[in-house]
Amino acid sequence: MKILKNFFFSIFIFLILINNSWSRSPSEFISSLSSEASNILSSKLTKDEKISRLKEIGEQSVDIEGVGFYTLGKYRKMLSDSQKKQYMELFKDYFLKSFSGRLVGYTDAKIAVLSEEIKNEKYTIVYSKLIGTSERPEVKIDWRVYTKDPENPLIRDLIIEGLSLARTQKEEFNSIIANNDGKIEALFENLNKFIEN
Amino acid sequence: MNRIITTLLTILIIQLLVVNKTLSDEGEVKDCFEKLNRATFALNMGLDKIIFKPISKGYRKLPSPIRTGTGNALNNLSNLITIPNNILQGDFGSAANNSARLLINTTLGIAGIFDPANSFGFEKRDKEDFGQSLGVMGVGEGCYLVLPVLGPTTIRDTVGSLVAMNGGDVWHNITVRDDEEYVREFKESDYWASRITSGIDFRAKNLEAFDAMEKNSVDLYATVRSLYLQDRKKKISNSSGKTETMDDGDWDTLENQ
């Protein structure tokens, strides 16, 4: 009888484990990610500690390489392999600093996931809202989740009230390169300055 | 009334002249006057730092009901531009809804300070302007511009503003143009007070967002330009959900390499 009980218990644990690894939908991914970030932001950690924790979250949940190359736009094809390597190193530092810097100012950030739309096997859009407070209105936030590896979904874009952050960043980077005769080094210099400040 | 008819006719003529010359090089930013725009942007940032930001911070310290009431009254006033544009865009449902809101909130809501119309089932809808109507009619945005004090715009949106200031905006007509055919009580100063308060209300609602953007941008001018142009496209498509930023095409170029 005891053997039978242990057998069913093992099956139960096995099913839970399978369930956790296979059925992590993009909505659940965003929901758990935003609640983790919200806990950090409302905690009593120092600003530097919060930034460090937010950077960890960003590194685990955002497709930094994908966003980095997307952000280069038409200049992506013009880079040599060594420039690509240098760019990715700079972009990662830039992105994590910018990502954590934008978020750390919010102490009361609660996000409610509303629904999701599977666009194709690579992308799902998760619709959510940042709950309003007396100081700021409710904000619509949509997440472009890259689901090529369904067990490891990654964020590729945040669309805030219809405005894409990835696209904004792409136009920002492209503007720097275009205003410096198409030289990627100008972008590297700007990113370096940002990282060091 | 004649002015409104003239305005509507002008818009129709513009539509006929430029309707199909739309959105060439979609996706490319048409910043034809970038050097001048960047200089004006720097001027505006300076003005913001010494005038608008401090005032907005002070405004934020006012009790919440006062700020909400001010925001409501300004929203109510904006219906005077939104309603004719609802009609121009063929959205008669929104025109009726906004007319009911204007009537109820101006009277029962005491000059729009309160929003009883919402309780009667007339929910707040998006604002519309003549620039958006031109966009809906198919007029391309043209070059991006930065105007002193007023900030980012495009050629199309500037034409829209000129239409508003030349008869299309009833509030402008009864204050600045002193159109006594409608109401006698208002003065030119009321118009400018409402415009300035509207700007401060907007700035105060976005203090933290602007600070974060300023601190985390490597080219703030390009960031503001991108956000403005994306926002206008979203408003013209009248889409509360899906926008072109949801389009996979842009991302697919990444996949295919």
# chains A, B, ... in the order shown; residues from 1 in each chain; ligands from 1
>>> residues_around(residues="Arg102 in chain A", least_positions_apart="6", cutoff="8 Å", atoms="only C-alpha atoms", output="PyMOL selection string")
chain B and resi 212-213+216
>>> residues_around(residues="range 79-95 of chain A", least_positions_apart="3", cutoff="12 Å", atoms="only C-alpha atoms", output="VMD selection string")
(chain A and resid 54 to 56 58 to 59 62 to 76 98 to 102 165 to 166 169 173 182 to 197) or (chain B and resid 216 to 218)
>>> interface_residues(of="chain B", to="chain A", cutoff="6 Å", atoms="only C-alpha atoms", output="VMD selection string")
chain B and resid 212 216 219 222 to 223 226 245
>>> residues_around(residues="Gly58 in chain B", least_positions_apart="3", cutoff="12 Å", atoms="only C-alpha atoms", output="list in words")
Ile51, Phe52, Lys53, Pro54, Ile55, Lys61, Leu62, Pro63, Arg67, Ile200, Asp201, Arg203, Ala204 and Leu207 of chain B
>>> write_last_selection(atoms="C-alpha atoms", output="mmCIF file, in the first residue's frame")
data_model
loop_
_atom_site.group_PDB
_atom_site.id
_atom_site.type_symbol
_atom_site.label_atom_id
_atom_site.label_comp_id
_atom_site.auth_asym_id
_atom_site.auth_seq_id
_atom_site.Cartn_x
_atom_site.Cartn_y
_atom_site.Cartn_z
ATOM 1 C CA ILE B 51 10.106 78.010 -16.869
ATOM 2 C CA PHE B 52 7.854 75.022 -17.632
ATOM 3 C CA LYS B 53 9.387 72.337 -15.432
ATOM 4 C CA PRO B 54 9.474 74.458 -12.245
ATOM 5 C CA ILE B 55 5.888 75.631 -12.839
ATOM 6 C CA LYS B 61 1.775 70.240 -5.438
ATOM 7 C CA LEU B 62 -1.824 71.455 -5.809
ATOM 8 C CA PRO B 63 -4.425 69.179 -4.190
ATOM 9 C CA ARG B 67 -5.653 69.091 -10.736
ATOM 10 C CA ILE B 200 1.506 72.665 -17.808
ATOM 11 C CA ASP B 201 -1.071 69.970 -17.012
ATOM 12 C CA ARG B 203 4.070 68.450 -18.435
ATOM 13 C CA ALA B 204 3.083 67.833 -14.790
ATOM 14 C CA LEU B 207 7.481 64.815 -15.010
#
>>> select_by_dssp(residues="range 73-191 of chain B", states="alpha helix (DSSP H)", output="PyMOL selection string")
chain B and resi 73-88+92-107+116-119+130-136+155-163+170-175+188-191
>>> write_last_selection(atoms="C-alpha atoms", output="mmCIF file, in the first residue's frame")
data_model
loop_
_atom_site.group_PDB
_atom_site.id
_atom_site.type_symbol
_atom_site.label_atom_id
_atom_site.label_comp_id
_atom_site.auth_asym_id
_atom_site.auth_seq_id
_atom_site.Cartn_x
_atom_site.Cartn_y
_atom_site.Cartn_z
ATOM 1 C CA ALA B 73 -12.276 71.306 -17.735
ATOM 2 C CA LEU B 74 -9.504 71.333 -20.361
ATOM 3 C CA ASN B 75 -10.677 67.999 -21.735
ATOM 4 C CA ASN B 76 -14.206 69.350 -21.940
ATOM 5 C CA LEU B 77 -12.986 72.387 -23.869
ATOM 6 C CA SER B 78 -11.053 70.167 -26.288
ATOM 7 C CA ASN B 79 -14.394 68.688 -27.420
ATOM 8 C CA LEU B 80 -14.899 71.900 -29.395
ATOM 9 C CA ILE B 81 -12.118 70.756 -31.738
ATOM 10 C CA THR B 82 -12.757 67.028 -31.413
ATOM 11 C CA ILE B 83 -16.435 67.092 -32.452
ATOM 12 C CA PRO B 84 -15.972 68.736 -35.917
ATOM 13 C CA ASN B 85 -13.046 66.370 -36.518
ATOM 14 C CA ASN B 86 -15.139 63.350 -35.547
ATOM 15 C CA ILE B 87 -17.550 64.481 -38.274
ATOM 16 C CA LEU B 88 -14.738 65.090 -40.798
ATOM 17 C CA PHE B 92 -20.642 60.168 -36.223
ATOM 18 C CA GLY B 93 -21.021 57.923 -33.172
ATOM 19 C CA SER B 94 -18.100 59.636 -31.438
ATOM 20 C CA ALA B 95 -19.394 63.045 -32.555
ATOM 21 C CA ALA B 96 -22.753 62.341 -30.872
ATOM 22 C CA ASN B 97 -21.078 60.917 -27.747
ATOM 23 C CA ASN B 98 -18.719 63.914 -27.426
ATOM 24 C CA SER B 99 -21.523 66.415 -28.064
ATOM 25 C CA ALA B 100 -23.533 64.837 -25.252
ATOM 26 C CA ARG B 101 -20.439 64.943 -23.009
ATOM 27 C CA LEU B 102 -19.852 68.614 -23.839
ATOM 28 C CA LEU B 103 -23.474 69.537 -23.105
ATOM 29 C CA ILE B 104 -23.757 67.570 -19.852
ATOM 30 C CA ASN B 105 -20.326 68.408 -18.458
ATOM 31 C CA THR B 106 -20.539 72.127 -19.319
ATOM 32 C CA THR B 107 -23.872 72.440 -17.513
ATOM 33 C CA PRO B 116 -21.145 63.500 -14.776
ATOM 34 C CA ALA B 117 -21.475 62.497 -18.462
ATOM 35 C CA ASN B 118 -19.460 59.390 -17.686
ATOM 36 C CA SER B 119 -22.132 58.267 -15.198
ATOM 37 C CA PHE B 130 -7.411 68.807 -37.816
ATOM 38 C CA GLY B 131 -3.950 67.295 -38.306
ATOM 39 C CA GLN B 132 -5.407 63.876 -37.512
ATOM 40 C CA SER B 133 -8.341 64.466 -39.874
ATOM 41 C CA LEU B 134 -5.920 65.347 -42.663
ATOM 42 C CA GLY B 135 -4.017 62.143 -41.877
ATOM 43 C CA VAL B 136 -7.220 60.083 -41.965
ATOM 44 C CA ILE B 155 3.952 70.102 -41.903
ATOM 45 C CA ARG B 156 0.562 68.353 -41.927
ATOM 46 C CA ASP B 157 -0.053 69.002 -38.238
ATOM 47 C CA THR B 158 0.982 72.638 -38.646
ATOM 48 C CA VAL B 159 -1.578 73.017 -41.451
ATOM 49 C CA GLY B 160 -4.093 71.428 -39.062
ATOM 50 C CA SER B 161 -3.250 73.996 -36.381
ATOM 51 C CA LEU B 162 -3.601 76.827 -38.906
ATOM 52 C CA VAL B 163 -7.034 75.498 -39.854
ATOM 53 C CA VAL B 170 -14.844 77.400 -31.869
ATOM 54 C CA TRP B 171 -13.011 78.229 -28.621
ATOM 55 C CA HIS B 172 -10.417 80.244 -30.588
ATOM 56 C CA ASN B 173 -13.230 81.970 -32.494
ATOM 57 C CA ILE B 174 -15.099 83.173 -29.433
ATOM 58 C CA THR B 175 -11.980 84.289 -27.568
ATOM 59 C CA GLU B 188 -8.377 86.525 -25.742
ATOM 60 C CA SER B 189 -6.564 86.008 -22.444
ATOM 61 C CA ASP B 190 -8.945 83.106 -21.672
ATOM 62 C CA TYR B 191 -7.728 81.280 -24.779
#
